Every structure is written in C-alpha cells, then in structure tokens.
file work-v4.cif (mmCIF, C-alpha atoms)
data_query
#
loop_
_atom_site.group_PDB
_atom_site.id
_atom_site.type_symbol
_atom_site.label_atom_id
_atom_site.label_comp_id
_atom_site.auth_asym_id
_atom_site.auth_seq_id
_atom_site.Cartn_x
_atom_site.Cartn_y
_atom_site.Cartn_z
ATOM 1 C CA MET H 1 35.454 252.996 208.441
ATOM 2 C CA SER H 2 34.655 249.308 208.652
ATOM 3 C CA ARG H 3 34.145 249.155 204.877
ATOM 4 C CA SER H 4 37.877 249.320 204.327
ATOM 5 C CA LEU H 5 38.624 246.499 206.738
ATOM 6 C CA PRO H 6 38.313 242.839 205.758
ATOM 7 C CA ARG H 7 34.922 241.502 206.734
ATOM 8 C CA THR H 8 36.527 238.526 208.466
ATOM 9 C CA LEU H 9 38.341 240.945 210.735
ATOM 10 C CA VAL H 10 35.299 243.056 211.505
ATOM 11 C CA LEU H 11 33.153 239.987 212.112
ATOM 12 C CA ASP H 12 35.712 237.938 214.015
ATOM 13 C CA PRO H 13 33.690 236.333 216.846
ATOM 14 C CA SER H 14 36.478 236.423 219.457
ATOM 15 C CA PRO H 15 35.050 239.422 221.360
ATOM 16 C CA ILE H 16 31.653 237.726 221.605
ATOM 17 C CA ILE H 17 33.153 234.479 222.850
ATOM 18 C CA SER H 18 35.251 236.399 225.392
ATOM 19 C CA SER H 19 32.274 238.399 226.607
ATOM 20 C CA VAL H 20 30.282 235.201 227.146
ATOM 21 C CA GLU H 21 33.193 233.722 229.074
ATOM 22 C CA ASP H 22 33.224 236.875 231.193
ATOM 23 C CA LEU H 23 29.525 236.441 231.809
ATOM 24 C CA LEU H 24 30.122 232.864 232.941
ATOM 25 C CA ARG H 25 32.534 234.102 235.593
ATOM 26 C CA GLU H 26 29.663 235.932 237.261
ATOM 27 C CA GLU H 27 28.115 234.025 240.126
ATOM 28 C CA LEU H 28 24.552 234.467 238.985
ATOM 29 C CA VAL H 29 23.590 234.434 235.348
ATOM 30 C CA GLU H 30 19.949 235.089 234.590
ATOM 31 C CA GLU H 31 18.148 232.971 232.035
ATOM 32 C CA VAL H 32 17.473 235.902 229.758
ATOM 33 C CA LEU H 33 21.205 236.561 229.572
ATOM 34 C CA ILE H 34 21.982 232.910 228.913
ATOM 35 C CA ARG H 35 19.451 232.970 226.088
ATOM 36 C CA ARG H 36 20.951 236.039 224.446
ATOM 37 C CA ALA H 37 24.483 234.718 224.904
ATOM 38 C CA LEU H 38 23.663 231.373 223.281
ATOM 39 C CA SER H 39 22.005 233.085 220.358
ATOM 40 C CA ASN H 40 24.937 235.480 219.979
ATOM 41 C CA LEU H 41 27.427 232.638 219.910
ATOM 42 C CA PHE H 42 25.623 230.915 217.058
ATOM 43 C CA LEU H 43 25.074 234.088 215.045
ATOM 44 C CA SER H 44 28.586 235.424 215.529
ATOM 45 C CA ILE H 45 30.072 232.191 214.176
ATOM 46 C CA PHE H 46 27.541 232.279 211.343
ATOM 47 C CA ASN H 47 28.523 235.874 210.476
ATOM 48 C CA TYR H 48 32.201 234.969 210.514
ATOM 49 C CA TRP H 49 31.593 231.970 208.253
ATOM 50 C CA SER H 50 29.651 234.164 205.796
ATOM 51 C CA ALA H 51 32.467 236.735 205.835
ATOM 52 C CA LYS H 52 34.931 233.975 204.960
ATOM 53 C CA LYS H 53 32.723 232.912 202.082
ATOM 54 C CA TYR H 54 32.348 236.476 200.827
ATOM 55 C CA GLU H 55 36.063 237.104 200.930
ATOM 56 C CA SER H 56 36.780 233.853 199.143
ATOM 57 C CA GLY H 57 34.802 235.219 196.189
ATOM 58 C CA GLU H 58 31.711 233.076 196.595
ATOM 59 C CA GLU H 59 28.454 234.750 195.738
ATOM 60 C CA GLY H 60 25.558 234.654 198.126
ATOM 61 C CA LYS H 61 22.047 235.993 197.694
ATOM 62 C CA GLY H 62 20.716 239.534 197.858
ATOM 63 C CA PRO H 63 21.658 242.711 195.974
ATOM 64 C CA CYS H 64 25.183 242.639 197.412
ATOM 65 C CA ARG H 65 25.548 238.868 197.030
ATOM 66 C CA ASP H 66 26.475 238.707 200.694
ATOM 67 C CA SER H 67 23.716 236.603 202.231
ATOM 68 C CA TRP H 68 23.764 232.863 202.967
ATOM 69 C CA SER H 69 21.306 230.636 204.765
ATOM 70 C CA TYR H 70 21.726 228.831 208.070
ATOM 71 C CA GLY H 71 21.104 225.637 206.159
ATOM 72 C CA VAL H 72 24.220 226.059 204.021
ATOM 73 C CA PHE H 73 26.256 227.030 207.073
ATOM 74 C CA ILE H 74 25.185 223.962 209.028
ATOM 75 C CA LYS H 75 25.821 221.637 206.105
ATOM 76 C CA GLU H 76 29.325 222.978 205.675
ATOM 77 C CA MET H 77 30.103 222.562 209.349
ATOM 78 C CA MET H 78 28.805 218.998 209.290
ATOM 79 C CA GLN H 79 30.963 218.292 206.238
ATOM 80 C CA LYS H 80 33.937 219.158 208.421
ATOM 81 C CA GLY H 81 32.885 216.506 210.924
ATOM 82 C CA LEU H 82 31.655 219.032 213.481
ATOM 83 C CA TYR H 83 28.242 217.420 213.957
ATOM 84 C CA ALA H 84 28.220 217.631 217.717
ATOM 85 C CA GLU H 85 29.405 221.217 217.840
ATOM 86 C CA ILE H 86 27.139 222.697 215.172
ATOM 87 C CA VAL H 87 24.017 220.660 215.962
ATOM 88 C CA TYR H 88 24.279 221.344 219.687
ATOM 89 C CA LEU H 89 24.735 225.075 219.133
ATOM 90 C CA TYR H 90 22.013 225.192 216.490
ATOM 91 C CA ALA H 91 19.498 223.220 218.570
ATOM 92 C CA TYR H 92 20.048 225.554 221.502
ATOM 93 C CA ARG H 93 19.893 228.586 219.255
ATOM 94 C CA VAL H 94 16.455 227.423 218.113
ATOM 95 C CA ALA H 95 15.414 226.667 221.702
ATOM 96 C CA VAL H 96 16.420 230.053 223.114
ATOM 97 C CA ASP H 97 15.030 232.131 220.254
ATOM 98 C CA HIS H 98 11.875 230.219 219.369
ATOM 99 C CA TYR H 99 10.739 228.388 222.513
ATOM 100 C CA THR H 100 9.497 229.974 225.730
ATOM 101 C CA LEU H 101 9.765 227.331 228.435
ATOM 102 C CA ASN H 102 12.836 226.109 230.235
ATOM 103 C CA PRO H 103 13.414 223.233 230.041
ATOM 104 C CA THR H 104 11.811 222.852 226.671
ATOM 105 C CA VAL H 105 11.741 220.340 223.849
ATOM 106 C CA VAL H 106 12.769 221.121 220.285
ATOM 107 C CA TYR H 107 10.424 219.333 217.940
ATOM 108 C CA LEU H 108 11.533 216.807 215.348
ATOM 109 C CA TYR H 109 8.983 216.090 212.637
ATOM 110 C CA GLU H 110 7.600 212.536 212.708
ATOM 111 C CA CYS H 111 10.129 211.256 215.191
ATOM 112 C CA ARG H 112 9.346 209.485 218.431
ATOM 113 C CA LYS H 113 12.236 211.361 219.999
ATOM 114 C CA ASN H 114 12.612 215.109 220.336
ATOM 115 C CA ILE H 115 15.521 217.204 221.602
ATOM 116 C CA PRO H 116 15.331 218.165 225.280
ATOM 117 C CA CYS H 117 16.920 221.547 225.995
ATOM 118 C CA HIS H 118 17.805 222.804 229.479
ATOM 119 C CA ILE H 119 18.839 226.428 229.273
ATOM 120 C CA THR H 120 21.442 226.616 232.033
ATOM 121 C CA VAL H 121 24.904 227.893 232.822
ATOM 122 C CA SER H 122 26.263 224.415 232.057
ATOM 123 C CA THR H 123 24.764 224.379 228.595
ATOM 124 C CA LEU H 124 26.130 227.861 227.949
ATOM 125 C CA LYS H 125 29.592 226.593 228.905
ATOM 126 C CA ARG H 126 29.247 223.783 226.425
ATOM 127 C CA ALA H 127 27.995 226.215 223.798
ATOM 128 C CA VAL H 128 31.189 228.244 224.305
ATOM 129 C CA GLU H 129 33.195 225.062 223.778
ATOM 130 C CA CYS H 130 31.270 224.459 220.536
ATOM 131 C CA ALA H 131 31.744 228.035 219.337
ATOM 132 C CA LYS H 132 35.479 227.883 220.007
ATOM 133 C CA GLU H 133 35.872 224.648 218.075
ATOM 134 C CA LEU H 134 33.849 225.957 215.136
ATOM 135 C CA TYR H 135 35.802 229.213 215.151
ATOM 136 C CA LYS H 136 39.131 227.382 215.280
ATOM 137 C CA THR H 137 38.170 225.212 212.325
ATOM 138 C CA LEU H 138 36.897 228.163 210.300
ATOM 139 C CA ARG H 139 40.006 230.203 211.001
ATOM 140 C CA GLN H 140 42.181 227.385 209.699
ATOM 141 C CA SER H 141 40.113 226.811 206.569
ATOM 142 C CA MET I 1 9.533 192.993 188.536
ATOM 143 C CA TYR I 2 10.556 193.733 192.096
ATOM 144 C CA SER I 3 11.121 190.108 192.992
ATOM 145 C CA SER I 4 13.000 189.599 189.780
ATOM 146 C CA ASN I 5 15.332 192.526 190.450
ATOM 147 C CA ILE I 6 15.992 191.425 193.983
ATOM 148 C CA SER I 7 16.574 187.899 192.810
ATOM 149 C CA ASN I 8 19.124 189.115 190.264
ATOM 150 C CA ILE I 9 20.795 191.210 192.904
ATOM 151 C CA SER I 10 20.924 188.345 195.325
ATOM 152 C CA ASN I 11 22.446 186.016 192.735
ATOM 153 C CA VAL I 12 25.215 188.490 192.008
ATOM 154 C CA VAL I 13 25.711 189.101 195.673
ATOM 155 C CA MET I 14 25.731 185.539 196.854
ATOM 156 C CA SER I 15 28.269 184.494 194.283
ATOM 157 C CA GLN I 16 30.732 187.306 194.926
ATOM 158 C CA ILE I 17 30.804 188.358 198.505
ATOM 159 C CA ASP I 18 33.265 187.201 201.068
ATOM 160 C CA PHE I 19 31.113 188.018 204.052
ATOM 161 C CA SER I 20 32.755 189.286 207.155
ATOM 162 C CA MET I 21 29.339 189.205 208.795
ATOM 163 C CA PRO I 22 26.790 186.366 208.803
ATOM 164 C CA LYS I 23 25.590 185.445 205.344
ATOM 165 C CA VAL I 24 22.193 186.509 204.130
ATOM 166 C CA MET I 25 20.354 183.771 202.349
ATOM 167 C CA SER I 26 18.869 184.669 199.004
ATOM 168 C CA SER I 27 15.460 183.672 200.312
ATOM 169 C CA ASP I 28 15.755 186.441 202.916
ATOM 170 C CA ILE I 29 16.307 188.994 200.214
ATOM 171 C CA MET I 30 13.068 187.982 198.548
ATOM 172 C CA ILE I 31 11.145 189.079 201.600
ATOM 173 C CA ASP I 32 9.757 192.564 201.105
ATOM 174 C CA LYS I 33 9.157 193.405 204.745
ATOM 175 C CA ASN I 34 11.656 194.099 207.499
ATOM 176 C CA ILE I 35 14.481 194.630 205.065
ATOM 177 C CA THR I 36 17.631 194.457 207.098
ATOM 178 C CA VAL I 37 20.810 196.456 207.158
ATOM 179 C CA MET I 38 22.678 193.467 205.784
ATOM 180 C CA GLN I 39 20.373 193.243 202.831
ATOM 181 C CA ILE I 40 20.774 196.923 202.045
ATOM 182 C CA MET I 41 24.539 196.751 202.331
ATOM 183 C CA VAL I 42 24.652 193.662 200.177
ATOM 184 C CA THR I 43 22.579 195.181 197.417
ATOM 185 C CA GLU I 44 24.267 198.561 197.430
ATOM 186 C CA GLN I 45 27.818 197.284 197.536
ATOM 187 C CA GLN I 46 27.615 194.524 195.000
ATOM 188 C CA SER I 47 24.953 195.447 192.538
ATOM 189 C CA THR I 48 24.949 197.719 189.567
ATOM 190 C CA TYR I 49 21.154 197.802 189.740
ATOM 191 C CA GLY I 50 19.367 200.654 191.425
ATOM 192 C CA MET I 51 17.426 199.620 194.472
ATOM 193 C CA PRO I 52 13.685 199.407 193.769
ATOM 194 C CA ASP I 53 11.560 201.987 195.580
ATOM 195 C CA GLU I 54 9.755 199.226 197.462
ATOM 196 C CA LEU I 55 13.010 197.933 198.881
ATOM 197 C CA ILE I 56 14.037 201.444 199.890
ATOM 198 C CA ARG I 57 10.658 202.090 201.472
ATOM 199 C CA SER I 58 10.715 198.819 203.372
ATOM 200 C CA PHE I 59 14.171 199.523 204.699
ATOM 201 C CA LEU I 60 13.348 203.075 205.769
ATOM 202 C CA LEU I 61 10.230 201.886 207.582
ATOM 203 C CA ASN I 62 12.540 200.149 210.045
ATOM 204 C CA TYR I 63 13.617 203.598 211.224
ATOM 205 C CA ALA I 64 10.869 206.045 210.372
ATOM 206 C CA SER I 65 7.106 206.445 210.343
ATOM 207 C CA GLU I 66 5.168 205.879 207.153
ATOM 208 C CA LYS I 67 4.469 209.588 206.933
ATOM 209 C CA LEU I 68 8.155 210.435 207.126
ATOM 210 C CA VAL I 69 9.064 207.768 204.588
ATOM 211 C CA ASP I 70 6.466 209.255 202.223
ATOM 212 C CA PHE I 71 8.021 212.667 202.810
ATOM 213 C CA ILE I 72 11.512 211.337 202.046
ATOM 214 C CA MET I 73 10.385 209.545 198.897
ATOM 215 C CA GLU I 74 8.345 212.476 197.612
ATOM 216 C CA ARG I 75 10.439 215.482 198.601
ATOM 217 C CA ARG I 76 13.793 213.875 197.819
ATOM 218 C CA VAL I 77 15.627 216.103 200.281
ATOM 219 C CA VAL I 78 18.306 213.492 199.824
ATOM 220 C CA ASP I 79 18.520 210.644 197.379
ATOM 221 C CA PRO I 80 16.585 207.867 199.195
ATOM 222 C CA GLN I 81 18.820 205.073 197.959
ATOM 223 C CA ARG I 82 21.940 206.865 199.142
ATOM 224 C CA LEU I 83 20.196 207.652 202.422
ATOM 225 C CA CYS I 84 19.673 203.923 202.950
ATOM 226 C CA LYS I 85 23.388 203.343 202.576
ATOM 227 C CA VAL I 86 24.154 206.034 205.141
ATOM 228 C CA ILE I 87 21.660 204.630 207.630
ATOM 229 C CA ALA I 88 22.874 201.084 207.050
ATOM 230 C CA TRP I 89 26.406 202.153 207.860
ATOM 231 C CA LEU I 90 25.315 204.052 210.962
ATOM 232 C CA GLU I 91 23.299 201.101 212.212
ATOM 233 C CA LYS I 92 26.085 198.614 211.545
ATOM 234 C CA SER I 93 28.706 200.807 213.191
ATOM 235 C CA TYR I 94 26.911 202.231 216.208
ATOM 236 C CA SER I 95 23.655 200.507 217.093
ATOM 237 C CA ALA I 96 25.298 197.940 219.365
ATOM 238 C CA LYS I 97 26.680 200.766 221.470
ATOM 239 C CA PHE I 98 24.151 203.570 221.128
ATOM 240 C CA GLY I 99 20.907 201.788 220.317
ATOM 241 C CA LYS I 100 18.899 201.613 217.131
ATOM 242 C CA PRO I 101 18.897 204.900 215.211
ATOM 243 C CA GLU I 102 15.589 206.631 214.530
ATOM 244 C CA LEU I 103 14.794 208.985 211.694
ATOM 245 C CA GLY I 104 13.064 212.331 211.924
ATOM 246 C CA ALA I 105 13.190 215.691 210.186
ATOM 247 C CA PHE I 106 13.929 219.175 211.384
ATOM 248 C CA PHE I 107 12.558 222.358 209.857
ATOM 249 C CA ASP I 108 14.325 225.606 210.562
ATOM 250 C CA PRO I 109 11.674 227.862 212.111
ATOM 251 C CA GLU I 110 12.926 230.938 210.248
ATOM 252 C CA GLU I 111 14.040 229.676 206.861
ATOM 253 C CA GLY I 112 12.022 226.494 206.543
ATOM 254 C CA SER I 113 15.124 224.639 205.385
ATOM 255 C CA VAL I 114 14.871 220.963 206.195
ATOM 256 C CA PHE I 115 17.319 218.409 207.488
ATOM 257 C CA LEU I 116 16.789 214.739 207.960
ATOM 258 C CA VAL I 117 17.811 213.733 211.460
ATOM 259 C CA VAL I 118 19.232 210.436 212.657
ATOM 260 C CA VAL I 119 18.767 210.171 216.399
ATOM 261 C CA PHE I 120 20.779 207.949 218.718
ATOM 262 C CA GLU I 121 19.417 207.902 222.212
ATOM 263 C CA ASN I 122 22.246 206.444 224.229
ATOM 264 C CA CYS I 123 25.321 208.324 223.124
ATOM 265 C CA ARG I 124 26.898 211.140 225.007
ATOM 266 C CA TRP I 125 28.859 214.283 224.219
ATOM 267 C CA GLU I 126 32.303 212.738 223.715
ATOM 268 C CA ASP I 127 30.777 209.882 221.710
ATOM 269 C CA TRP I 128 29.012 212.398 219.506
ATOM 270 C CA LYS I 129 32.155 214.350 218.734
ATOM 271 C CA ARG I 130 34.017 211.163 217.846
ATOM 272 C CA LEU I 131 31.099 209.834 215.792
ATOM 273 C CA GLY I 132 30.962 213.054 213.754
ATOM 274 C CA ARG I 133 34.607 212.799 212.714
ATOM 275 C CA GLU I 134 34.369 209.071 211.927
ATOM 276 C CA PHE I 135 31.117 209.533 210.042
ATOM 277 C CA VAL I 136 32.473 212.196 207.698
ATOM 278 C CA LYS I 137 35.656 210.246 207.035
ATOM 279 C CA LYS I 138 33.745 207.090 206.212
ATOM 280 C CA MET I 139 31.146 208.866 204.077
ATOM 281 C CA LYS I 140 33.943 210.402 202.008
ATOM 282 C CA GLU I 141 35.456 206.968 201.500
ATOM 283 C CA MET I 142 32.077 205.651 200.401
ATOM 284 C CA GLY I 143 31.378 208.663 198.154
ATOM 285 C CA LEU I 144 28.359 209.632 200.230
ATOM 286 C CA GLU I 145 29.476 212.977 201.646
ATOM 287 C CA ASP I 146 26.692 214.819 199.815
ATOM 288 C CA VAL I 147 24.066 212.829 201.739
ATOM 289 C CA ALA I 148 25.972 212.967 205.013
ATOM 290 C CA SER I 149 25.933 216.762 204.926
ATOM 291 C CA LYS I 150 22.137 216.770 204.707
ATOM 292 C CA VAL I 151 21.623 214.344 207.557
ATOM 293 C CA MET I 152 22.007 215.617 211.087
ATOM 294 C CA VAL I 153 23.254 212.956 213.435
ATOM 295 C CA VAL I 154 22.008 213.753 216.935
ATOM 296 C CA CYS I 155 23.100 212.118 220.187
ATOM 297 C CA LEU I 156 20.308 212.765 222.643
ATOM 298 C CA GLY I 157 22.397 211.759 225.637
ATOM 299 C CA ALA I 158 24.490 214.885 225.141
ATOM 300 C CA PHE I 159 21.404 216.993 225.845
ATOM 301 C CA GLN I 160 20.640 215.146 229.040
ATOM 302 C CA GLU I 161 23.999 214.936 230.747
ATOM 303 C CA LEU I 162 24.371 218.511 232.026
#
call {"tool": "encode", "arguments": {"input": "work-v4.cif", "output": "structure tokens"}}
result
Amino acid sequence: MSRSLPRTLVLDPSPIISSVEDLLREELVEEVLIRRALSNLFLSIFNYWSAKKYESGEEGKGPCRDSWSYGVFIKEMMQKGLYAEIVYLYAYRVAVDHYTLNPTVVYLYECRKNIPCHITVSTLKRAVECAKELYKTLRQS
Amino acid sequence: MYSSNISNISNVVMSQIDFSMPKVMSSDIMIDKNITVMQIMVTEQQSTYGMPDELIRSFLLNYASEKLVDFIMERRVVDPQRLCKVIAWLEKSYSAKFGKPELGAFFDPEEGSVFLVVVFENCRWEDWKRLGREFVKKMKEMGLEDVASKVMVVCLGAFQEL
C-alpha cells in the first residue's frame, strides 16, 4: 500500500516528533526511553530528507538508488545554516547509540576539547526543538 | 622559495590594502612561525599566488596539533588553503566573544565519514544558532561554502547549559 504513496508522505517525521512530545509530558522519563527518542528524532529527519532527495530525482546508492549517507545529510543541513540544530542532534544521536555512560563525552580526534553529553529530559526537549527546525526547513525546500 | 613567495605576496599586499585593522609589517610576514590571522587574510585576499604549504601548516598549528595538521594536509578532507580562510574569518569574527577556536576531527562511528570540527568553548545555544546563519551567509559571499559544509562549528557551551 505504501508503495503508491509519496515517500515524503510515508516518511514524514511529524508522528515521531509528536510522540516524543507526548513522552515529555510524562512526569518520569527513563533514560532508555530518552535514548531511543533522541535516536528516533535524528533518524526520522534523516529518512525524510532522503525521501525528499529521492523524489527530487537524485540518485543515491544501492540497487534501488535510494540510500544516502549521514555525512551528506549533515553537510546539506549545515549548508542551510542549521549548524546548531544538526550538530546538536547528531552529537546526541552518536552519544545515545554508541556510548554507554551518562553523562558521557563524545570524542573528537586530536582535539583538546571533546563534546560533553548529558542524556536528560532537558536535552531531549532541545532535540525536539532541533528536529522541528530541521523538519520545517526541509519541508520548505 | 618560500621566503621569496611570501615577500612577493607582502609587497603586493602592502601596496594595495586599505587596512581596517592594524597593519601587518612585511617583516612579520617573513616569519614562518606563529602565522597570524591577519597574515592569512592578507595573503588570501590580495594575492593571486597560492599559499605555500609551510605557511598553511604554520597557520593551522595555531589551532590544531601537529598530528591533526598532518592529517589535514595529507587527507585533504578539505582544501587546506581554503580551510585557513574559513578559520581566519571565524577567529576574526568570534574569538573576542567566544574564545580562540580549536580544531579537531570527528569520525562517524558507523560510516567512518569525517568532518573537521571547529570548537568554540564559550558560546551558548542562541549564539550557536546565530553563528550558523551568519557563517553560511558569509562563506557564500566569500565563495567558500564548499569548505564550510565540511567543517562542523561546535559551541561547547550549548552542551553544558542544560
């Protein structure tokens, strides 16, 4: 059924963003849920961006030419001036999916500074703000 | 060869620029250590010569470790000369407010894709958002948007304020 619908419609991230906002209305949000929510926010925006690219006629990789890398996604978002939004969301996506401790530190190669990440309700709220801004920009592009 | 190039650059520069910032004496440009932002901006704006690798390396060493500078020069993730221009602009525009930028690199743990990272320690969330918009606008004006999209600007304060 979904094959006949535009991919941008099927992969619109609004339901994910809304479900995370619902989660934030709960009094107690466990860390494991915050982690999954943060990761979902990043990946849902990424999926939507790739759907936009596919529908615009661009060719990605893979047999169906429908696969793009995070690297290309992040570059394109930065080109739109959304450094804070995409880098914040991306850094936390790496922290929640690839690091175990909380707080943790995301490593920067050969830099005296690294990125401290506190996986909390407050950071999830900011991640929602980032996702909304990225979504808004993508929808208008 | 290096001194000669720099000398040529400095002659062109010194004769043509109406400095809005303090002047750099040609003798300063001959120095091959502690190359300053001013010197980089002077050479890149006014010269048709490419910057020598030694000048680029010296400039980058103000912001990055030797190992990272080697990585930048060898891997050419971005054009090193154009990277210098980007860093010079960032330093000139924001260091007074946010502190001296530092360079690092970030490797995606799944894909291995690499970004160069410019870190400001003392800027916060709202500063970061504003900086991102200004940065892209300015890089487009300077014809450096290709480099800007490969350089992550990170405001560490935004990760510490919540």
call {"tool": "resolve_selection", "arguments": {"input": "work-v4.cif", "expression": "the PyMOL selection byres ((chain H) within 8 of (chain I))", "output": "PyMOL selection string"}}
result
chain H and resi 69-71+75-76+78-85+87+94+98+107-113+115-118+122-123
call {"tool": "residues_around", "arguments": {"input": "work-v4.cif", "residues": "Ser50 (chain H)", "least_positions_apart": "5", "cutoff": "10 Å", "atoms": "all atoms listed in the file", "output": "PyMOL selection string"}}
result
chain H and resi 7-8+11+44-45+55-56+58+60+66-70+72-73
call {"tool": "write_last_selection", "arguments": {"input": "work-v4.cif", "atoms": "C-alpha atoms", "output": "PDB file, in the frame of the given file"}}
result
ATOM      1  CA  ARG H   7      34.922 241.502 206.734  1.00  0.00           C
ATOM      2  CA  THR H   8      36.527 238.526 208.466  1.00  0.00           C
ATOM      3  CA  LEU H  11      33.153 239.987 212.112  1.00  0.00           C
ATOM      4  CA  SER H  44      28.586 235.424 215.529  1.00  0.00           C
ATOM      5  CA  ILE H  45      30.072 232.191 214.176  1.00  0.00           C
ATOM      6  CA  GLU H  55      36.063 237.104 200.930  1.00  0.00           C
ATOM      7  CA  SER H  56      36.780 233.853 199.143  1.00  0.00           C
ATOM      8  CA  GLU H  58      31.711 233.076 196.595  1.00  0.00           C
ATOM      9  CA  GLY H  60      25.558 234.654 198.126  1.00  0.00           C
ATOM     10  CA  ASP H  66      26.475 238.707 200.694  1.00  0.00           C
ATOM     11  CA  SER H  67      23.716 236.603 202.231  1.00  0.00           C
ATOM     12  CA  TRP H  68      23.764 232.863 202.967  1.00  0.00           C
ATOM     13  CA  SER H  69      21.306 230.636 204.765  1.00  0.00           C
ATOM     14  CA  TYR H  70      21.726 228.831 208.070  1.00  0.00           C
ATOM     15  CA  VAL H  72      24.220 226.059 204.021  1.00  0.00           C
ATOM     16  CA  PHE H  73      26.256 227.030 207.073  1.00  0.00           C
TER      17      PHE H  73
END
call {"tool": "resolve_selection", "arguments": {"input": "work-v4.cif", "expression": "the PyMOL selection byres ((chain H and resi 18) around 12)", "output": "PDB file with C-alpha atoms, in the frame of the given file"}}
result
ATOM      1  CA  ASP H  12      35.712 237.938 214.015  1.00  0.00           C
ATOM      2  CA  PRO H  13      33.690 236.333 216.846  1.00  0.00           C
ATOM      3  CA  SER H  14      36.478 236.423 219.457  1.00  0.00           C
ATOM      4  CA  PRO H  15      35.050 239.422 221.360  1.00  0.00           C
ATOM      5  CA  ILE H  16      31.653 237.726 221.605  1.00  0.00           C
ATOM      6  CA  ILE H  17      33.153 234.479 222.850  1.00  0.00           C
ATOM      7  CA  SER H  19      32.274 238.399 226.607  1.00  0.00           C
ATOM      8  CA  VAL H  20      30.282 235.201 227.146  1.00  0.00           C
ATOM      9  CA  GLU H  21      33.193 233.722 229.074  1.00  0.00           C
ATOM     10  CA  ASP H  22      33.224 236.875 231.193  1.00  0.00           C
ATOM     11  CA  LEU H  23      29.525 236.441 231.809  1.00  0.00           C
ATOM     12  CA  LEU H  24      30.122 232.864 232.941  1.00  0.00           C
ATOM     13  CA  ARG H  25      32.534 234.102 235.593  1.00  0.00           C
ATOM     14  CA  ALA H  37      24.483 234.718 224.904  1.00  0.00           C
ATOM     15  CA  ASN H  40      24.937 235.480 219.979  1.00  0.00           C
ATOM     16  CA  LEU H  41      27.427 232.638 219.910  1.00  0.00           C
ATOM     17  CA  SER H  44      28.586 235.424 215.529  1.00  0.00           C
ATOM     18  CA  LYS H 125      29.592 226.593 228.905  1.00  0.00           C
ATOM     19  CA  VAL H 128      31.189 228.244 224.305  1.00  0.00           C
ATOM     20  CA  GLU H 129      33.195 225.062 223.778  1.00  0.00           C
ATOM     21  CA  ALA H 131      31.744 228.035 219.337  1.00  0.00           C
ATOM     22  CA  LYS H 132      35.479 227.883 220.007  1.00  0.00           C
TER      23      LYS H 132
END
call {"tool": "atom_distance", "arguments": {"input": "work-v4.cif", "atom1": "CA of Leu101 (chain H)", "atom2": "CA of Val32 (chain H)"}}
result
11.6 Å
call {"tool": "atom_distance", "arguments": {"input": "work-v4.cif", "atom1": "CA of Lys136 (chain H)", "atom2": "CA of Leu144 (chain I)"}}
result
25.6 Å
call {"tool": "atom_distance", "arguments": {"input": "work-v4.cif", "atom1": "CA of Gln81 (chain I)", "atom2": "CA of Tyr94 (chain I)"}}
result
20.2 Å
call {"tool": "closest_residue", "arguments": {"input": "work-v4.cif", "among": "H:Ile86, H:Leu124, H:Leu43, H:Val106", "to": "Glu30 (chain H)", "atoms": "only C-alpha atoms"}}
result
H:Leu124
call {"tool": "closest_residue", "arguments": {"input": "work-v4.cif", "among": "H:Gln140, H:Lys53, H:Ile119, H:Cys130", "to": "Leu33 (chain H)", "atoms": "only C-alpha atoms"}}
result
H:Ile119
call {"tool": "decode", "arguments": {"input": "work-v4.cif", "residues": "region 98-111 of chain H", "atoms": "N, CA and C atoms", "output": "JSON list (two decimals), in the first residue's frame"}}
result
[["chain", "number", "residue", "atom", "x", "y", "z"],
["H", 98, "HIS", "N", 25.97, 5.03, 20.71],
["H", 98, "HIS", "CA", 27.32, 4.45, 20.68],
["H", 98, "HIS", "C", 28.09, 4.57, 22.00],
["H", 99, "TYR", "N", 27.56, 5.29, 22.96],
["H", 99, "TYR", "CA", 28.23, 5.45, 24.25],
["H", 99, "TYR", "C", 27.31, 4.93, 25.35],
["H", 100, "THR", "N", 27.91, 4.40, 26.40],
["H", 100, "THR", "CA", 27.13, 3.71, 27.43],
["H", 100, "THR", "C", 26.84, 4.58, 28.65],
["H", 101, "LEU", "N", 27.81, 5.41, 29.03],
["H", 101, "LEU", "CA", 27.64, 6.17, 30.27],
["H", 101, "LEU", "C", 26.78, 7.41, 30.07],
["H", 102, "ASN", "N", 26.29, 7.90, 31.20],
["H", 102, "ASN", "CA", 25.54, 9.16, 31.20],
["H", 102, "ASN", "C", 25.84, 9.91, 32.50],
["H", 103, "PRO", "N", 26.45, 11.08, 32.46],
["H", 103, "PRO", "CA", 26.91, 11.76, 31.24],
["H", 103, "PRO", "C", 28.08, 11.04, 30.59],
["H", 104, "THR", "N", 28.27, 11.38, 29.33],
["H", 104, "THR", "CA", 29.41, 10.81, 28.61],
["H", 104, "THR", "C", 30.10, 11.92, 27.82],
["H", 105, "VAL", "N", 31.12, 11.54, 27.10],
["H", 105, "VAL", "CA", 31.88, 12.52, 26.32],
["H", 105, "VAL", "C", 32.10, 11.95, 24.93],
["H", 106, "VAL", "N", 31.61, 12.67, 23.93],
["H", 106, "VAL", "CA", 31.83, 12.24, 22.54],
["H", 106, "VAL", "C", 33.20, 12.73, 22.09],
["H", 107, "TYR", "N", 33.96, 11.79, 21.59],
["H", 107, "TYR", "CA", 35.38, 12.03, 21.30],
["H", 107, "TYR", "C", 35.59, 12.78, 19.99],
["H", 108, "LEU", "N", 36.45, 13.80, 20.08],
["H", 108, "LEU", "CA", 36.93, 14.48, 18.87],
["H", 108, "LEU", "C", 38.39, 14.13, 18.69],
["H", 109, "TYR", "N", 38.74, 13.69, 17.51],
["H", 109, "TYR", "CA", 40.10, 13.27, 17.20],
["H", 109, "TYR", "C", 41.07, 14.45, 17.31],
["H", 110, "GLU", "N", 42.14, 14.26, 18.07],
["H", 110, "GLU", "CA", 43.22, 15.24, 18.19],
["H", 110, "GLU", "C", 42.73, 16.64, 18.55],
["H", 111, "CYS", "N", 41.81, 16.69, 19.46],
["H", 111, "CYS", "CA", 41.33, 17.99, 19.93],
["H", 111, "CYS", "C", 41.42, 17.98, 21.45]]
